[in-house]
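Participant: If it helps, the file is called work-v9.txt and holds compact mmCIF, N, CA and C atoms:
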```
# COMPACT_ATOMS: atom_id res chain seq x y z
N MET A 29 -19.48 18.01 -1.33
CA MET A 29 -19.40 16.59 -1.64
C MET A 29 -18.10 16.33 -2.41
N LYS A 30 -17.30 15.43 -1.88
CA LYS A 30 -16.05 15.04 -2.53
C LYS A 30 -16.27 13.75 -3.31
N GLN A 31 -15.57 13.64 -4.43
CA GLN A 31 -15.60 12.43 -5.24
C GLN A 31 -14.16 11.99 -5.51
N ALA A 32 -13.94 10.69 -5.46
CA ALA A 32 -12.67 10.10 -5.90
C ALA A 32 -12.95 9.48 -7.25
N ILE A 33 -12.22 9.94 -8.29
CA ILE A 33 -12.49 9.51 -9.66
C ILE A 33 -11.23 8.93 -10.28
N TRP A 34 -11.40 7.79 -10.93
CA TRP A 34 -10.30 7.19 -11.69
C TRP A 34 -10.87 6.53 -12.93
N ASN A 35 -10.19 6.73 -14.04
CA ASN A 35 -10.60 6.15 -15.33
C ASN A 35 -12.05 6.49 -15.65
N GLY A 36 -12.45 7.71 -15.29
CA GLY A 36 -13.78 8.21 -15.62
C GLY A 36 -14.91 7.70 -14.75
N LYS A 37 -14.60 6.95 -13.70
CA LYS A 37 -15.64 6.41 -12.82
C LYS A 37 -15.50 6.95 -11.41
N ILE A 38 -16.62 7.11 -10.74
CA ILE A 38 -16.62 7.55 -9.34
C ILE A 38 -16.32 6.32 -8.48
N ILE A 39 -15.19 6.38 -7.79
CA ILE A 39 -14.75 5.27 -6.94
C ILE A 39 -15.35 5.41 -5.54
N ALA A 40 -15.46 6.65 -5.07
CA ALA A 40 -16.08 6.93 -3.76
C ALA A 40 -16.65 8.34 -3.82
N GLU A 41 -17.67 8.56 -2.98
CA GLU A 41 -18.31 9.88 -2.93
C GLU A 41 -18.85 10.10 -1.52
N SER A 42 -18.52 11.26 -0.94
CA SER A 42 -18.97 11.54 0.42
C SER A 42 -18.84 13.03 0.74
N ASP A 43 -19.69 13.49 1.63
CA ASP A 43 -19.54 14.84 2.18
C ASP A 43 -18.93 14.78 3.58
N ASN A 44 -18.37 13.60 3.91
CA ASN A 44 -17.79 13.38 5.24
C ASN A 44 -16.38 12.79 5.08
N THR A 45 -15.45 13.61 4.61
CA THR A 45 -14.07 13.14 4.51
C THR A 45 -13.24 13.76 5.63
N VAL A 46 -12.15 13.10 5.95
CA VAL A 46 -11.19 13.60 6.94
C VAL A 46 -9.90 13.89 6.19
N LEU A 47 -9.40 15.12 6.31
CA LEU A 47 -8.19 15.53 5.61
C LEU A 47 -6.98 15.39 6.53
N ILE A 48 -6.05 14.51 6.14
CA ILE A 48 -4.82 14.30 6.89
C ILE A 48 -3.66 14.26 5.90
N GLU A 49 -2.67 15.08 6.16
CA GLU A 49 -1.46 15.13 5.33
C GLU A 49 -1.80 15.29 3.85
N GLY A 50 -2.82 16.09 3.56
CA GLY A 50 -3.21 16.37 2.18
C GLY A 50 -4.05 15.30 1.52
N ASN A 51 -4.41 14.26 2.24
CA ASN A 51 -5.22 13.17 1.70
C ASN A 51 -6.61 13.16 2.31
N HIS A 52 -7.61 13.04 1.46
CA HIS A 52 -8.99 12.92 1.94
C HIS A 52 -9.28 11.45 2.21
N TYR A 53 -9.65 11.17 3.45
CA TYR A 53 -10.05 9.82 3.84
C TYR A 53 -11.57 9.76 3.80
N PHE A 54 -12.07 8.90 2.92
CA PHE A 54 -13.51 8.72 2.72
C PHE A 54 -14.01 7.59 3.62
N PRO A 55 -15.28 7.67 4.07
CA PRO A 55 -15.83 6.53 4.80
C PRO A 55 -15.76 5.28 3.93
N GLU A 56 -15.37 4.17 4.52
CA GLU A 56 -15.22 2.94 3.74
C GLU A 56 -16.52 2.56 3.03
N GLN A 57 -17.67 2.83 3.66
CA GLN A 57 -18.94 2.46 3.04
C GLN A 57 -19.25 3.30 1.79
N SER A 58 -18.52 4.39 1.56
CA SER A 58 -18.74 5.20 0.36
C SER A 58 -17.99 4.63 -0.86
N LEU A 59 -17.15 3.64 -0.62
CA LEU A 59 -16.33 3.03 -1.67
C LEU A 59 -17.19 2.13 -2.55
N ASN A 60 -17.10 2.32 -3.88
CA ASN A 60 -17.82 1.47 -4.81
C ASN A 60 -17.06 0.15 -4.95
N LYS A 61 -17.55 -0.89 -4.31
CA LYS A 61 -16.86 -2.19 -4.25
C LYS A 61 -16.77 -2.87 -5.61
N ASP A 62 -17.55 -2.40 -6.59
CA ASP A 62 -17.47 -2.98 -7.94
C ASP A 62 -16.09 -2.77 -8.56
N TYR A 63 -15.36 -1.78 -8.08
CA TYR A 63 -14.06 -1.43 -8.68
C TYR A 63 -12.87 -1.87 -7.82
N ILE A 64 -13.11 -2.65 -6.78
CA ILE A 64 -12.09 -2.96 -5.79
C ILE A 64 -11.65 -4.42 -5.86
N ILE A 65 -10.33 -4.62 -5.83
CA ILE A 65 -9.74 -5.95 -5.72
C ILE A 65 -8.82 -5.94 -4.50
N ASN A 66 -8.91 -6.96 -3.68
CA ASN A 66 -8.03 -7.03 -2.51
C ASN A 66 -6.57 -7.12 -2.93
N SER A 67 -5.70 -6.58 -2.12
CA SER A 67 -4.26 -6.62 -2.34
C SER A 67 -3.59 -7.13 -1.08
N SER A 68 -2.46 -7.79 -1.24
CA SER A 68 -1.72 -8.28 -0.08
C SER A 68 -0.66 -7.28 0.38
N THR A 69 -0.56 -6.14 -0.28
CA THR A 69 0.45 -5.14 0.06
C THR A 69 0.18 -4.53 1.44
N GLU A 70 1.23 -4.36 2.20
CA GLU A 70 1.18 -3.65 3.48
C GLU A 70 2.38 -2.73 3.57
N THR A 71 2.18 -1.57 4.15
CA THR A 71 3.28 -0.66 4.46
C THR A 71 3.08 -0.17 5.89
N SER A 72 4.08 0.52 6.40
CA SER A 72 4.02 0.98 7.78
C SER A 72 4.24 2.49 7.85
N CYS A 73 3.43 3.13 8.67
CA CYS A 73 3.58 4.56 8.96
C CYS A 73 3.89 4.67 10.45
N HIS A 74 4.89 5.47 10.79
CA HIS A 74 5.31 5.55 12.19
C HIS A 74 4.22 6.04 13.14
N TRP A 75 3.27 6.84 12.65
CA TRP A 75 2.25 7.33 13.58
C TRP A 75 0.84 6.82 13.30
N LYS A 76 0.61 6.26 12.10
CA LYS A 76 -0.72 5.74 11.79
C LYS A 76 -0.81 4.23 11.94
N GLY A 77 0.29 3.53 11.72
CA GLY A 77 0.28 2.07 11.84
C GLY A 77 0.49 1.38 10.52
N ILE A 78 -0.06 0.17 10.39
CA ILE A 78 0.09 -0.65 9.19
C ILE A 78 -1.02 -0.30 8.20
N ALA A 79 -0.61 0.07 6.98
CA ALA A 79 -1.58 0.36 5.92
C ALA A 79 -1.79 -0.88 5.06
N ASN A 80 -3.03 -1.11 4.69
CA ASN A 80 -3.40 -2.16 3.76
C ASN A 80 -3.93 -1.49 2.49
N TYR A 81 -4.00 -2.25 1.40
CA TYR A 81 -4.33 -1.65 0.10
C TYR A 81 -5.37 -2.43 -0.66
N PHE A 82 -6.02 -1.72 -1.58
CA PHE A 82 -6.89 -2.30 -2.59
C PHE A 82 -6.34 -1.87 -3.95
N THR A 83 -6.54 -2.71 -4.95
CA THR A 83 -6.25 -2.37 -6.34
C THR A 83 -7.56 -1.96 -7.00
N LEU A 84 -7.50 -0.93 -7.84
CA LEU A 84 -8.67 -0.52 -8.61
C LEU A 84 -8.71 -1.29 -9.92
N SER A 85 -9.90 -1.67 -10.33
CA SER A 85 -10.11 -2.31 -11.63
C SER A 85 -11.34 -1.68 -12.26
N VAL A 86 -11.11 -0.89 -13.31
CA VAL A 86 -12.18 -0.15 -13.98
C VAL A 86 -12.06 -0.36 -15.48
N ASP A 87 -13.11 -0.90 -16.07
CA ASP A 87 -13.17 -1.10 -17.52
C ASP A 87 -11.92 -1.78 -18.08
N GLY A 88 -11.47 -2.82 -17.41
CA GLY A 88 -10.33 -3.59 -17.87
C GLY A 88 -8.96 -3.02 -17.53
N MET A 89 -8.94 -1.83 -16.93
CA MET A 89 -7.66 -1.22 -16.52
C MET A 89 -7.49 -1.41 -15.01
N LYS A 90 -6.24 -1.68 -14.60
CA LYS A 90 -5.94 -1.86 -13.18
C LYS A 90 -4.98 -0.80 -12.69
N ASN A 91 -5.18 -0.39 -11.45
CA ASN A 91 -4.34 0.59 -10.78
C ASN A 91 -3.94 -0.05 -9.44
N PRO A 92 -2.81 -0.79 -9.44
CA PRO A 92 -2.43 -1.55 -8.24
C PRO A 92 -2.22 -0.66 -7.01
N ASP A 93 -2.82 -1.09 -5.91
CA ASP A 93 -2.60 -0.46 -4.60
C ASP A 93 -2.91 1.03 -4.59
N ALA A 94 -3.91 1.45 -5.34
CA ALA A 94 -4.26 2.87 -5.44
C ALA A 94 -5.14 3.35 -4.28
N VAL A 95 -5.62 2.41 -3.48
CA VAL A 95 -6.49 2.74 -2.34
C VAL A 95 -5.82 2.16 -1.09
N TRP A 96 -5.74 2.97 -0.04
CA TRP A 96 -5.17 2.44 1.20
C TRP A 96 -6.08 2.74 2.38
N TYR A 97 -5.88 1.93 3.41
CA TYR A 97 -6.66 2.06 4.64
C TYR A 97 -5.88 1.44 5.79
N TYR A 98 -6.31 1.75 6.98
CA TYR A 98 -5.68 1.22 8.20
C TYR A 98 -6.72 0.40 8.96
N LYS A 99 -6.55 -0.91 8.98
CA LYS A 99 -7.50 -1.78 9.70
C LYS A 99 -7.53 -1.43 11.18
N ASN A 100 -6.35 -1.24 11.73
CA ASN A 100 -6.21 -0.96 13.17
C ASN A 100 -5.24 0.19 13.36
N PRO A 101 -5.68 1.42 13.08
CA PRO A 101 -4.75 2.55 13.22
C PRO A 101 -4.31 2.74 14.67
N LYS A 102 -3.13 3.31 14.81
CA LYS A 102 -2.64 3.65 16.14
C LYS A 102 -3.56 4.70 16.76
N ASP A 103 -3.46 4.88 18.06
CA ASP A 103 -4.35 5.81 18.78
C ASP A 103 -4.34 7.21 18.18
N ALA A 104 -3.18 7.68 17.76
CA ALA A 104 -3.07 9.03 17.19
C ALA A 104 -3.85 9.19 15.89
N ALA A 105 -4.20 8.07 15.25
CA ALA A 105 -4.88 8.11 13.95
C ALA A 105 -6.26 7.46 13.98
N LYS A 106 -6.84 7.31 15.14
CA LYS A 106 -8.15 6.65 15.25
C LYS A 106 -9.22 7.31 14.38
N VAL A 107 -9.06 8.57 14.05
CA VAL A 107 -10.05 9.30 13.25
C VAL A 107 -10.16 8.71 11.83
N ILE A 108 -9.17 7.93 11.37
CA ILE A 108 -9.25 7.35 10.03
C ILE A 108 -9.64 5.87 10.06
N LYS A 109 -10.04 5.37 11.21
CA LYS A 109 -10.56 4.00 11.30
C LYS A 109 -11.78 3.88 10.39
N ASP A 110 -11.85 2.81 9.61
CA ASP A 110 -12.96 2.54 8.68
C ASP A 110 -13.06 3.59 7.57
N ARG A 111 -11.89 4.14 7.16
CA ARG A 111 -11.83 5.10 6.06
C ARG A 111 -10.77 4.67 5.05
N VAL A 112 -10.92 5.15 3.83
CA VAL A 112 -9.97 4.85 2.75
C VAL A 112 -9.48 6.14 2.12
N ALA A 113 -8.26 6.10 1.59
CA ALA A 113 -7.69 7.24 0.88
C ALA A 113 -7.12 6.74 -0.45
N PHE A 114 -6.76 7.68 -1.32
CA PHE A 114 -6.40 7.35 -2.69
C PHE A 114 -5.13 8.05 -3.13
N TRP A 115 -4.46 7.45 -4.11
CA TRP A 115 -3.31 8.06 -4.77
C TRP A 115 -3.18 7.43 -6.14
N LYS A 116 -2.00 7.54 -6.76
CA LYS A 116 -1.72 6.92 -8.06
C LYS A 116 -2.71 7.35 -9.14
N GLY A 117 -2.94 8.65 -9.22
CA GLY A 117 -3.77 9.17 -10.30
C GLY A 117 -5.25 9.24 -10.01
N VAL A 118 -5.67 8.83 -8.83
CA VAL A 118 -7.08 8.99 -8.45
C VAL A 118 -7.29 10.45 -8.12
N GLU A 119 -8.23 11.08 -8.81
CA GLU A 119 -8.48 12.51 -8.63
C GLU A 119 -9.57 12.74 -7.59
N ILE A 120 -9.33 13.65 -6.68
CA ILE A 120 -10.32 14.04 -5.69
C ILE A 120 -10.90 15.37 -6.15
N VAL A 121 -12.21 15.40 -6.38
CA VAL A 121 -12.85 16.62 -6.87
C VAL A 121 -14.01 17.00 -5.97
N GLU A 122 -14.35 18.26 -6.02
CA GLU A 122 -15.51 18.78 -5.29
C GLU A 122 -16.68 18.78 -6.26
N LYS A 123 -17.77 18.15 -5.88
CA LYS A 123 -18.95 18.07 -6.74
C LYS A 123 -19.82 19.27 -6.53
```
Please rewrite the model in this file as C-alpha cells.
Facilitator:
Amino acid sequence: MKQAIWNGKIIAESDNTVLIEGNHYFPEQSLNKDYIINSSTETSCHWKGIANYFTLSVDGMKNPDAVWYYKNPKDAAKVIKDRVAFWKGVEIVEK
C-alpha cells in the first residue's frame, strides 16, 4: 500500500499505483478531496500530453500545483488516465 503524505496528512492511499518515470500515479478516486483546490496551471509533455494541476491545502498551508494529472493523455500514456501524481515535497511511502 502506497501513501502520498504532505504536511502530516495522507493525501492519497492505494495498492494500485502505476510507476512512470519515477512517479507513482494513484487512482484519482484515492485522492482525499478535502485537501484539493483546483488550479488553472497547465504544462505539456511531449509523450503524455497536457498536464493539469491541483493545489494542496492542509491545515492552512498551501502547496501550489503539487498534484498533477492528464485529463486526456496521449495514446502512449493511456495507462495514467484517471490517475494523479505528486511532487513538491509530497512524500510517497510504503505502508
Participant: Just list the residues in chain A DSSP gives helix (DSSP H, G or I) on the backbone, as a PyMOL selection string.
Facilitator: chain A and resi 56-58+61-63+103-108
Participant: By how many Å are atom N of Ala79 in chain A and CA of Lys123 in chain A apart?
Facilitator: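 CA of Lys123 in chain A lies at a distance of 29.1 Å from atom N of Ala79 in chain A.
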Participant: I'd like the interatomic distance between atom C of Ala104 in chain A and atom C of Asp43 in chain A, to a tenth of an Å.
Facilitator: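 So the answer is 20.3 Å.
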Participant: Rounded to one decimal place, report the CA of Ser85 in chain A-CA of Asn60 in chain A distance in Å.
Facilitator: 11.0 Å
Participant: Excluding same-chain residues fewer than 4 positions from range 62-77 of chain A, what lies within 8 Å of it counting only N, CA and C atoms, as a PyMOL selection string?
Facilitator: chain A and resi 39+81-87+92-93+97-106
Participant: Pick from A:Val121, A:Ile78, A:Val112, A:Val95: nearest to Pro55 in chain A, with all atoms listed in the file counted?
Facilitator: A:Val112
Participant: From a backbone DSSP assignment, name each residue in chain A labelled strand (DSSP E or B), as a PyMOL selection string.
Facilitator: chain A and resi 30-34+37-42+46-48+51-55+59+64-73+77-86+89-97+111-114+119-122
Participant: Any chance you could work out the axis-aligned box around range 77-92 of chain A, listed atoms only, 4 Å on each side, giving centre and edge lengths in Å to one decimal, as AutoDock Vina command-line options?
Facilitator:
```
--center_x -6.3 --center_y 0.0 --center_z -3.1 --size_x 21.7 --size_y 15.1 --size_z 37.9
```
Participant: Please determine, counting all atoms listed in the file, which residue among A:Met29, A:Asn35, A:Trp96, A:Ile48 has the shortest atom-to-atom distance to Gly117 in chain A.
Facilitator: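 Using all atoms listed in the file, Gly117 in chain A sits closest to A:Asn35.
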Participant: Measuring between only C-alpha atoms, which one of A:Asn80, A:Lys61, A:Lys116, A:Ile108 shows the shortest distance to Ile38 in chain A?
Facilitator: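 Comparing A:Asn80, A:Lys61, A:Lys116, A:Ile108 against Ile38 in chain A, the winner is A:Lys61.
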Participant: Can you tell me, as a list in words, which residues sit within 5 Å of (-8.2, 5.9, -8.0) in the file's frame, using only N, CA and C atoms?
Facilitator: Ile33, Trp34, Gly117 and Val118 of chain A
Participant: Which is closer to Asn51 in chain A than all the others in A:Ala113, A:Lys30, A:Ala94, A:Glu119, using only N, CA and C atoms?
Facilitator: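 Of A:Ala113, A:Lys30, A:Ala94, A:Glu119, the one nearest Asn51 in chain A, counting only N, CA and C atoms, is A:Ala113.
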